[in-house]
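A.B. asks: Next comes target-v2.cif, mmCIF, C-alpha atoms:
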```
data_start
#
loop_
_atom_site.label_atom_id
_atom_site.label_comp_id
_atom_site.auth_asym_id
_atom_site.auth_seq_id
_atom_site.Cartn_x
_atom_site.Cartn_y
_atom_site.Cartn_z
CA MET W 16 118.03 93.27 93.31
CA PRO W 17 115.83 90.33 92.18
CA ALA W 18 114.12 88.31 94.90
CA ASP W 19 115.93 85.14 93.84
CA ASP W 20 119.37 86.79 94.09
CA PRO W 21 121.60 84.59 96.30
CA LEU W 22 123.16 87.67 97.95
CA LEU W 23 119.73 88.99 98.93
CA ARG W 24 118.64 85.59 100.23
CA SER W 25 121.82 85.31 102.26
CA ALA W 26 121.44 88.84 103.67
CA VAL W 27 117.81 88.24 104.67
CA HIS W 28 118.70 84.88 106.19
CA SER W 29 121.50 86.42 108.24
CA LEU W 30 119.33 89.35 109.30
CA TYR W 31 116.54 86.99 110.34
CA CYS W 32 118.81 84.60 112.25
CA ASP W 33 120.72 87.40 113.98
CA HIS W 34 117.82 89.67 114.93
CA HIS W 35 114.46 87.84 114.87
CA GLY W 36 114.65 86.81 118.53
CA TRP W 37 115.64 90.29 119.61
CA LEU W 38 112.84 91.88 117.55
CA GLN W 39 110.22 89.50 118.87
CA GLY W 40 111.30 90.24 122.45
CA TRP W 41 111.27 93.98 121.76
CA LEU W 42 107.73 93.71 120.40
CA ARG W 43 106.58 91.44 123.24
CA LYS W 44 107.59 94.12 125.78
CA ARG W 45 105.50 96.70 123.95
CA LEU W 46 102.50 94.49 123.25
CA GLY W 47 102.33 92.39 126.38
CA ASN W 48 101.75 89.14 124.51
CA SER W 49 103.88 86.81 122.48
CA PHE W 50 101.29 85.98 119.80
CA ASP W 51 100.96 89.53 118.45
CA ALA W 52 104.72 89.99 118.85
CA ALA W 53 105.38 86.92 116.70
CA ASP W 54 102.95 88.13 114.03
CA LEU W 55 104.46 91.63 113.89
CA ALA W 56 108.00 90.27 113.84
CA GLN W 57 107.09 88.17 110.81
CA ASP W 58 105.33 91.13 109.18
CA THR W 59 108.48 93.20 109.73
CA PHE W 60 110.61 90.66 107.89
CA VAL W 61 108.05 90.46 105.09
CA ARG W 62 108.50 94.22 104.65
CA VAL W 63 112.28 93.72 104.56
CA LEU W 64 111.83 91.08 101.86
CA LYS W 65 109.58 93.35 99.82
CA ALA W 66 112.04 96.24 100.12
CA ARG W 67 114.83 94.00 98.79
CA SER W 68 117.38 96.10 100.64
CA ALA W 69 118.58 93.64 103.29
CA SER W 70 122.14 93.68 101.97
CA GLU W 71 122.31 97.48 102.33
CA ILE W 72 121.21 97.70 105.99
CA ARG W 73 123.90 99.23 108.19
CA GLU W 74 122.05 99.40 111.52
CA PRO W 75 119.80 96.33 111.53
CA ARG W 76 118.11 96.82 114.90
CA HIS W 77 117.32 100.46 114.18
CA TYR W 78 115.99 99.52 110.74
CA LEU W 79 113.87 96.65 112.06
CA SER W 80 112.52 98.63 115.01
CA THR W 81 111.55 101.50 112.69
CA ILE W 82 109.51 99.14 110.52
CA ALA W 83 108.04 97.43 113.59
CA LYS W 84 107.02 100.78 115.13
CA GLY W 85 105.02 101.59 112.01
CA LEU W 86 103.35 98.19 112.20
CA LEU W 87 102.58 98.77 115.89
CA VAL W 88 100.91 102.08 115.08
CA ASP W 89 98.86 100.36 112.37
CA LEU W 90 97.85 97.59 114.78
CA PHE W 91 96.78 99.99 117.54
CA ARG W 92 94.88 102.20 115.09
CA ARG W 93 93.12 99.16 113.60
CA ARG W 94 92.18 97.84 117.05
CA SER W 95 90.92 101.24 118.14
CA LEU W 96 88.78 101.52 115.03
CA GLU W 97 87.48 97.97 115.50
CA GLN W 98 86.55 98.74 119.13
CA SER W 99 84.77 101.94 118.11
CA TYR W 100 82.84 99.98 115.51
CA LEU W 101 81.88 97.30 118.06
CA ASP W 102 80.82 99.99 120.53
CA ALA W 103 78.61 101.62 117.89
CA LEU W 104 77.21 98.24 116.89
CA ALA W 105 76.30 97.50 120.52
CA CYS W 106 73.97 100.54 120.45
CA VAL W 107 72.01 99.15 117.52
CA PRO W 108 68.96 97.04 118.45
CA GLU W 109 69.64 93.35 117.86
CA ALA W 110 66.87 93.07 115.27
CA GLU W 111 68.50 95.82 113.18
CA GLN W 112 72.10 94.61 113.41
CA PRO W 113 73.76 93.60 110.17
CA SER W 114 74.65 89.95 109.60
CA LEU W 115 78.13 88.77 110.56
CA GLU W 116 79.12 88.86 106.89
CA GLU W 117 77.86 92.44 106.54
CA GLN W 118 79.66 93.40 109.76
CA ALA W 119 82.93 92.03 108.37
CA ILE W 120 82.43 93.93 105.10
CA LEU W 121 81.61 97.15 106.96
CA LEU W 122 84.63 96.81 109.22
CA GLU W 123 86.90 96.18 106.24
CA ALA W 124 85.45 99.27 104.53
CA LEU W 125 86.11 101.35 107.66
CA LEU W 126 89.70 100.13 107.80
CA GLU W 127 90.16 100.99 104.11
CA ILE W 128 88.76 104.48 104.62
CA ASP W 129 91.10 104.94 107.58
CA ARG W 130 94.05 103.89 105.40
CA MET W 131 92.93 106.32 102.68
CA LEU W 132 92.79 109.21 105.14
CA ASP W 133 96.14 108.32 106.69
CA GLY W 134 98.56 111.19 106.32
CA LEU W 135 95.94 113.91 106.70
CA GLY W 136 95.86 116.06 109.81
CA ALA W 137 93.30 115.39 112.54
CA LYS W 138 91.16 118.44 111.67
CA VAL W 139 91.14 117.52 107.98
CA LYS W 140 90.06 113.95 108.81
CA GLN W 141 87.37 115.14 111.21
CA THR W 142 86.06 117.61 108.67
CA PHE W 143 85.92 114.96 105.96
CA ILE W 144 84.21 112.39 108.19
CA LEU W 145 81.63 114.86 109.50
CA SER W 146 80.80 115.95 105.96
CA GLN W 147 80.86 112.65 104.12
CA PHE W 148 79.65 110.19 106.73
CA GLU W 149 77.47 112.27 109.00
CA GLY W 150 76.15 114.54 106.25
CA MET W 151 76.85 117.62 108.32
CA PRO W 152 76.69 120.96 106.47
CA TYR W 153 79.89 123.01 106.34
CA PRO W 154 78.67 125.78 108.70
CA ASP W 155 77.79 123.16 111.33
CA ILE W 156 81.21 121.52 110.92
CA ALA W 157 82.89 124.90 111.40
CA GLN W 158 80.92 125.52 114.57
CA ARG W 159 81.47 122.01 115.97
CA LEU W 160 85.24 122.06 115.34
CA GLY W 161 85.69 125.72 116.28
CA ILE W 162 87.15 126.66 112.89
CA SER W 163 86.18 129.08 110.15
CA LEU W 164 83.95 128.17 107.23
CA ARG W 165 86.91 128.93 104.95
CA SER W 166 88.98 126.34 106.85
CA VAL W 167 86.24 123.76 106.36
CA ASN W 168 86.29 124.46 102.61
CA ASN W 169 90.09 124.21 102.52
CA TYR W 170 90.14 121.01 104.58
CA MET W 171 87.53 119.38 102.36
CA ALA W 172 89.45 120.35 99.23
CA LYS W 173 92.62 118.91 100.74
CA ALA W 174 90.90 115.66 101.75
CA MET W 175 89.23 115.24 98.36
CA ALA W 176 92.49 115.90 96.52
CA HIS W 177 94.25 113.39 98.77
CA CYS W 178 91.62 110.72 98.07
CA CYS W 179 91.67 111.42 94.32
CA LEU W 180 95.47 111.19 94.18
CA LEU W 181 95.39 107.96 96.14
CA GLN W 182 92.71 106.54 93.85
CA GLY W 183 94.81 107.51 90.83
CA ARG W 184 97.78 105.59 92.21
CA LEU W 185 95.66 102.50 92.79
CA LEU W 186 94.39 102.37 89.19
#
```
Hey, can you dump this file as structure tokens for me?
C.D. replies:
Amino acid sequence: MPADDPLLRSAVHSLYCDHHGWLQGWLRKRLGNSFDAADLAQDTFVRVLKARSASEIREPRHYLSTIAKGLLVDLFRRRSLEQSYLDALACVPEAEQPSLEEQAILLEALLEIDRMLDGLGAKVKQTFILSQFEGMPYPDIAQRLGISLRSVNNYMAKAMAHCCLLQGRLL
């Protein structure tokens, strides 16, 4: 359905008017603040607009809360990653710290890498990160994670294939 379709516009308008307040309250209870709740509520409706399926929704609150839960997970993961980055940065001597611009670029790169690895299991992610970012040899990874060397090889192959497939989709 085209974005300028009057039926789609009407369905989105009705969905927004009927459920925006409820969704924002639902999010506020989970987040503890109204500012983030308002942002995520808007992001949820942006996703509905992009999906162009508003006229087909049978259980609006379930549909909206499902989208919002995914956005909550993304928000918490992003904040956790940002905090880990800030904690690591605090350990670097002030004279060696990157500029604010470089910090922003590094953080954005970390968030992109996290998005790329999304969907892989925890062990696969850990294996990939230890190998690619810490330069750890496969036998050391196996020992540190308590897995076999064969598993390390399999996990790396899986992570590389995942990244290559994702890169192919982006081109």
A.B. asks: So, counting all atoms listed in the file, which residue among W:Arg67, W:Lys138, W:Met131, W:Gly40 is closest to W:Arg159?
C.D. replies: W:Lys138
A.B. asks: Would you please work out which residue, of W:Leu30, W:Val167, W:Ala66, W:Leu23, is nearest to W:Met151 when using only C-alpha atoms?
C.D. replies: W:Val167
A.B. asks: Going by the chain IDs and residue numbers used in this file, which residues fall under the PyMOL selection byres ((chain W and resi 181) around 12)? Write them as a ChimeraX atom specification.
C.D. replies: /W:127-128,130-134,174-180,182-186
A.B. asks: Excluding stretch 68-83 of chain W and residues on its chain fewer than 6 positions from it, collect all residues at most 7 Å away from it, counting all atoms listed in the file, and give them as a list in words.
C.D. replies: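 The filter keeps Leu23, Ala26, Val27, Leu55 and Thr59 of chain W.
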A.B. asks: What lies within 12 Å of W:Leu46 using only C-alpha atoms, ignoring chain neighbours under 2 positions off, as an MDAnalysis selection string?
C.D. replies: chainID W and resid 39:44 48:56 83:84 86:88 90:91
A.B. asks: Hey, can you spit out that residue selection with C-alpha atoms as a compact mmCIF listing (two decimals), in the coordinates of the input?
C.D. replies:
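For reference, out-v3.txt as written:
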```
# COMPACT_ATOMS: atom_id res chain seq x y z
CA GLN W 39 110.22 89.50 118.87
CA GLY W 40 111.30 90.24 122.45
CA TRP W 41 111.27 93.98 121.76
CA LEU W 42 107.73 93.71 120.40
CA ARG W 43 106.58 91.44 123.24
CA LYS W 44 107.59 94.12 125.78
CA ASN W 48 101.75 89.14 124.51
CA SER W 49 103.88 86.81 122.48
CA PHE W 50 101.29 85.98 119.80
CA ASP W 51 100.96 89.53 118.45
CA ALA W 52 104.72 89.99 118.85
CA ALA W 53 105.38 86.92 116.70
CA ASP W 54 102.95 88.13 114.03
CA LEU W 55 104.46 91.63 113.89
CA ALA W 56 108.00 90.27 113.84
CA ALA W 83 108.04 97.43 113.59
CA LYS W 84 107.02 100.78 115.13
CA LEU W 86 103.35 98.19 112.20
CA LEU W 87 102.58 98.77 115.89
CA VAL W 88 100.91 102.08 115.08
CA LEU W 90 97.85 97.59 114.78
CA PHE W 91 96.78 99.99 117.54
```
A.B. asks: May I ask for the distance between atom CA of W:Arg45 and atom CA of W:Leu126, given in Å to one decimal place?
C.D. replies: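 About the pair atom CA of W:Arg45 and atom CA of W:Leu126: they are 22.9 Å apart.
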A.B. asks: Starting from the displayed file, determine the output of the PyMOL selection byres ((chain W and resi 170) around 12) and express the residue list as a PyMOL selection string.
C.D. replies: chain W and resi 135-146+153+156-157+160+162-169+171-177
A.B. asks: Could the residues in this selection be written to a file with C-alpha atoms, as an mmCIF file, in the coordinates of the input?
C.D. replies:
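What ended up in part-v1.cif:
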```cif
data_model
loop_
_atom_site.group_PDB
_atom_site.id
_atom_site.type_symbol
_atom_site.label_atom_id
_atom_site.label_comp_id
_atom_site.auth_asym_id
_atom_site.auth_seq_id
_atom_site.Cartn_x
_atom_site.Cartn_y
_atom_site.Cartn_z
ATOM 1 C CA LEU W 135 95.940 113.910 106.700
ATOM 2 C CA GLY W 136 95.860 116.060 109.810
ATOM 3 C CA ALA W 137 93.300 115.390 112.540
ATOM 4 C CA LYS W 138 91.160 118.440 111.670
ATOM 5 C CA VAL W 139 91.140 117.520 107.980
ATOM 6 C CA LYS W 140 90.060 113.950 108.810
ATOM 7 C CA GLN W 141 87.370 115.140 111.210
ATOM 8 C CA THR W 142 86.060 117.610 108.670
ATOM 9 C CA PHE W 143 85.920 114.960 105.960
ATOM 10 C CA ILE W 144 84.210 112.390 108.190
ATOM 11 C CA LEU W 145 81.630 114.860 109.500
ATOM 12 C CA SER W 146 80.800 115.950 105.960
ATOM 13 C CA TYR W 153 79.890 123.010 106.340
ATOM 14 C CA ILE W 156 81.210 121.520 110.920
ATOM 15 C CA ALA W 157 82.890 124.900 111.400
ATOM 16 C CA LEU W 160 85.240 122.060 115.340
ATOM 17 C CA ILE W 162 87.150 126.660 112.890
ATOM 18 C CA SER W 163 86.180 129.080 110.150
ATOM 19 C CA LEU W 164 83.950 128.170 107.230
ATOM 20 C CA ARG W 165 86.910 128.930 104.950
ATOM 21 C CA SER W 166 88.980 126.340 106.850
ATOM 22 C CA VAL W 167 86.240 123.760 106.360
ATOM 23 C CA ASN W 168 86.290 124.460 102.610
ATOM 24 C CA ASN W 169 90.090 124.210 102.520
ATOM 25 C CA MET W 171 87.530 119.380 102.360
ATOM 26 C CA ALA W 172 89.450 120.350 99.230
ATOM 27 C CA LYS W 173 92.620 118.910 100.740
ATOM 28 C CA ALA W 174 90.900 115.660 101.750
ATOM 29 C CA MET W 175 89.230 115.240 98.360
ATOM 30 C CA ALA W 176 92.490 115.900 96.520
ATOM 31 C CA HIS W 177 94.250 113.390 98.770
#
```
A.B. asks: For the file shown, what are the residues hit by the PyMOL selection byres ((chain W and resi 95-105) around 12), laid out as a PyMOL selection string?
C.D. replies: chain W and resi 88-94+106-115+117-119+121-130
A.B. asks: Considering all atoms listed in the file, can you say which of W:Gln57, W:Glu116, W:Gly85, W:Arg62 comes closest to W:His35?
C.D. replies: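 Under the stated criterion, the closest residue is W:Gln57.
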A.B. asks: Separation of atom CA of W:Leu64 and atom CA of W:Arg24, in Å?
C.D. replies: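 So the answer is 8.9 Å.
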A.B. asks: Just give me the gap between atom CA of W:Lys65 and atom CA of W:Leu22 in Å, one decimal is fine.
C.D. replies: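 For atom CA of W:Lys65 relative to atom CA of W:Leu22, the distance reads 14.8 Å.
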